[in-house]
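Asker: Below are the structure tokens for one structure; questions will follow.
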Amino acid sequence: MTTSMAPTTADDPSARLETLRARLVMPIPGSAFWGWAGPLLVTALGAFLRFNHLGTPRAIIFDETYYVPDALGILKFGTEHNYTSKQVHGALVRDKLLTQGDPHIFTKGGEFVAHPPFGKTFIAVGEWLFGLTPFGWRFASAVVGTLAILILARTARRMTRSTLLGCVAGLLLSLDGLELVMSRTALLDIFVMFWVLAAFSCLVVDRDEYRARLACELDPAAEPPVQWWRRVRWWRVGAGICLGLAVGSKWNGVWFIPVFGLMALFWDFGARRVAGLRGSDDAAVARDLAGLAGTFTVLPLAAYLVTWSGWFATGIGYDRFWAQQHGVNIPVVSPLISLFQYNKAMLAFNAGLRAYHPYASKPWTWMVLYRPVSYYWHCVPVVHGSCSGHTQEVLAIGTPALWWASIFAVLGCVGWWLARRDWRAGAVVAAVAAGWLPWFIFPDRTQFYFYSVAFVPYLVLGVTLCLGLLIGPLHAPIWRRTLGSGLAGAYTLAVLANFAYLYPILTAQTIPYSSWLSRMWFHTWI
């Protein structure tokens with residue numbers, strides 16, 4: 001008597017193909033509705049926290065003194081314009097803040113500025129929509145700071161294949177004190193953070209799209225796309241443009257370009273190795289490498305140049321005719337030479353900045369929150385030189401329960417990547433390194449803790465990944481997941497409580513001096 005046996009996976013080509021597809025592109029469980037509804041609800045909470053009393057304090061705070069008039073110059077002249085500081089402070093800090101702007105604060109000629117114009121262009125949009133008011137010049141920061149929550153929640157969901165963890169990541173970002181303060185202040189670093197995060201998100205989506213395409217190529221019955229636009233990796237194109245816009249907001253975005261380029265390269269090699277296509281199609285590999293080079297060189301450079309459109313077009317920007325003044329008068333080329341010289345001067349200024357500032361700090365102290373930055377402090381009344389009444393402060397500081405936990409989370413991701421080669425842990429480590437470590441190269445430069453907002457989303461991602469490990473996989477025993485979920489929930493509540501405790505000194509709420517002092521846990525926070 002003979003018996004028939006069902007073919008095993010090893011003997012069944014279609015089963016092997018399905019297994020390989022599952023390895024290349026894991027499906028995202030759960031409903032598509034909650035995949036959007038959950039992150040949007042978390043984003044709504046973040047939006048309320050960022051827009052609530054956005055116009056408080058009713059004054060120019062910290063470096064808004066530079067960017068508010070710069071943005072107004074872009075709004076009125078198309079590029080930054082010289083202004084009189086005394087008139088700016090007199091006209092804008094008084095109780096009657098201007099609503100339409102005052103042309104008399106400007107003098108003749110373009111102004112030398114230390115940073116590219118794109119972030120200030122966003123600030124100018126808010127001033128155009130809502131006038132020259134605190135709400136107006138902080139509006140754009142609040143918008144991008146809020147959108148960053150949604151982007152991170154959706155990106156974390158895709159990376160973890162969990163809607164719950166995606167929402168946790170968005171919630172943690174919405175509860176970070178530094179991200180909140182930067183979202184409520186007209187400074188440039190929040191725009192760097194946003195565009196870098198947008199680029200990171202595009203690359204994560206591109207990773208899934210590329211692996212899905214490889215899975216289709218494994219099917220002999222699948223027809224390859226013949227139209228050129230179907231071969232273009234549009235998400236990667238988006239990533240290159242976003243990186244250029246990050247650099248166009250502030251130069252520290254440039255460090256993410258080579259790091260993200262290497263990260264994308266390793267992701268592609270890993271996908272081809274899993275698909276068994278190593279060396280099988282040299283033309284396809286060459287095409288992908290050429291596209292990678294264009295994504296992380298040509299596209300960022302082109303986007304960066306576009307951010308200078310006002311400087312090119314108006315003809316009144318600082319050093320706009322440097323080339324012509326030095327004997328070079330060639331259409332198209334001369335403006336580029338002038339911009340290059342201008343950027344050289346900006347680089348010299350930024351690299352050589354060594355002025356003393358009481359809130360300056362070194363990058364190796366940032367993770368422990370050694371020296372946060374006070375953007376605004378006001379006390380009424382002051383008796384004999386001391387505050388004896390109520391006080392207001394805007395203190396740029398991360399939520400300690402999140403930041404201190406992130407130290408261990410990032411270290412855990414390093415070990416996780418070394419031991420398991422998990423791409424998610426590697427992405428967290430790479431992004432944190434790109435945003436943090438370059439500042440170590442310039443130890444003598446004047447630096448501030450709030451620069452670290454550029455890598456806050458990846459600290460949150462690291463914590464979220466560790467919370468996922470704590471909860472455990474779906475097939476884990478019920479007691480294991482119950483215990484892990486309880487601990488993860490308790491930690492999230494601790495972050496919420498810590499954030500709520502600090503909220504008054506993040507948003508310039510009027511509180512008794514004794515309450516303010518109780519929140520100064522360390523002398524270096526004062």
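Within each chain, counting starts at residue 1; across the structure tokens, chains are named A, B, ... in the order shown, with ligands numbered 1 upward in that order.
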Could you pull out all residues of segment 347-383 of chain A with a DSSP call of strand (DSSP E or B) and give them as JSON, numbers by chain?
Answerer: {"A": [373, 374, 375, 376, 377, 378, 379, 380, 381, 382, 383]}
Asker: Do you know which residues are at most 8 Å from Thr510 of chain A counting only C-alpha atoms, after dropping those on the same chain fewer than 3 positions away, and could you put them as a list in words?
Answerer: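 Selected residues are His390, Thr391, Gln392 and Pro504 of chain A.
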Asker: Would you please work out which residue, of A:Ile511, A:Leu496, A:Leu277, A:Val25, is nearest to Glu217 of chain A when using only C-alpha atoms?
Answerer: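 The shortest atom-to-atom distance to Glu217 of chain A comes from A:Leu277.
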Asker: From a DSSP calculation on the backbone, collect every residue of segment 295-515 of chain A in alpha helix (DSSP H) and output the set as JSON, numbers by chain.
Answerer: {"A": [299, 300, 301, 302, 303, 304, 305, 306, 309, 310, 311, 312, 313, 314, 322, 323, 324, 325, 333, 334, 335, 336, 337, 338, 339, 340, 341, 342, 343, 344, 345, 346, 347, 348, 349, 350, 351, 400, 401, 402, 403, 404, 405, 406, 407, 408, 409, 410, 411, 412, 413, 414, 415, 416, 417, 418, 419, 420, 423, 424, 425, 426, 427, 428, 429, 430, 431, 432, 433, 434, 435, 436, 456, 457, 458, 459, 460, 461, 462, 463, 464, 465, 466, 467, 468, 469, 470, 471, 478, 479, 480, 481, 482, 483, 484, 485, 486, 487, 488, 489, 490, 491, 492, 493, 494, 495, 496, 497, 498, 499, 500, 501, 502, 503, 504, 505, 506, 513, 514, 515]}
Asker: May I have the residues within 9 Å of Ile28 of chain A as a list in words, using only C-alpha atoms and disregarding those fewer than 6 positions away in the same chain?
Answerer: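 Here the qualifying residues turn out to be Arg157, Arg158, Thr160, Arg161, Ser162 and Thr163 of chain A.
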Asker: Nearest to Val205 of chain A among A:Leu469, A:Val432, A:Met159, A:Ile190, with distances taken over only C-alpha atoms: which residue is it?
Answerer: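 Smallest separation from Val205 of chain A among the options: A:Met159.
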Asker: Nearest residue to Leu24 of chain A out of A:Val125, A:Ala345, A:Leu45, A:Leu214, using only C-alpha atoms?
Answerer: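 For Leu24 of chain A, the nearest of the given residues is A:Leu214.
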Asker: List the spatial neighbours of segment 260-266 of chain A as a VMD selection string - criterion: any atom at most 12 Å away, only C-alpha atoms, same-chain residues fewer than 5 positions off excluded.
Answerer: chain A and resid 196 to 197 199 to 208 210 235 to 236 239 to 240 242 to 243 253 to 255 271 to 273 285 288 to 297 300 421 to 435
Asker: Skipping near chain neighbours, those fewer than 5 positions away, what residues fall within 12 Å of Phe340 of chain A using only C-alpha atoms, listed as an mmCIF file with C-alpha atoms, in the first residue's frame?
Answerer:
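Final output, saved to result.cif:
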```cif
data_model
loop_
_atom_site.group_PDB
_atom_site.id
_atom_site.type_symbol
_atom_site.label_atom_id
_atom_site.label_comp_id
_atom_site.auth_asym_id
_atom_site.auth_seq_id
_atom_site.Cartn_x
_atom_site.Cartn_y
_atom_site.Cartn_z
ATOM 1 C CA LEU A 305 19.470 76.037 -4.071
ATOM 2 C CA TRP A 308 17.601 80.608 -1.927
ATOM 3 C CA ASP A 319 26.656 89.638 -1.458
ATOM 4 C CA ARG A 320 24.250 88.987 -4.324
ATOM 5 C CA PHE A 321 26.640 90.582 -6.834
ATOM 6 C CA TRP A 322 29.937 89.454 -5.306
ATOM 7 C CA ALA A 323 30.997 87.702 -8.540
ATOM 8 C CA VAL A 333 27.240 81.111 -13.155
ATOM 9 C CA SER A 334 27.841 84.450 -11.462
ATOM 10 C CA PRO A 335 24.933 84.165 -8.996
ATOM 11 C CA ALA A 345 31.361 83.489 4.967
ATOM 12 C CA MET A 346 28.456 81.841 6.776
ATOM 13 C CA LEU A 347 30.561 78.740 7.392
#
```
Asker: Have a look at A:Gly248, A:Val113, A:Phe408, A:Tyr458 and name the one nearest to Val306 of chain A; count only C-alpha atoms.
Answerer: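 The closest residue to Val306 of chain A is A:Gly248.
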Asker: Env of Gly472 of chain A: 10 Å cut, atoms = only C-alpha atoms, seq-sep filter 6 positions within chain, self excluded. Answer as JSON, numbers by chain.
Answerer: {"A": [466, 478, 480, 481, 482, 483, 484, 485]}
Asker: Which value, in Å to one decimal, gives the distance between atom CA of Pro27 of chain A and atom CA of Ala215 of chain A?
Answerer: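 These two atoms are separated by 13.0 Å.
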Asker: Using only C-alpha atoms for the distances, tell me which of A:Leu502, A:Ile526, A:Ile241, A:Leu72 is nearest to Tyr375 of chain A.
Answerer: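 Going through A:Leu502, A:Ile526, A:Ile241, A:Leu72 one by one, the smallest distance to Tyr375 of chain A is for A:Ile526.
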Asker: Quick one: everything within 10 Å of segment 349-353 of chain A, counting only C-alpha atoms, minus sequence neighbours fewer than 4 positions away in the same chain. Send it as a PyMOL selection string.
Answerer: chain A and resi 113-115+251+343-345+442+444-447
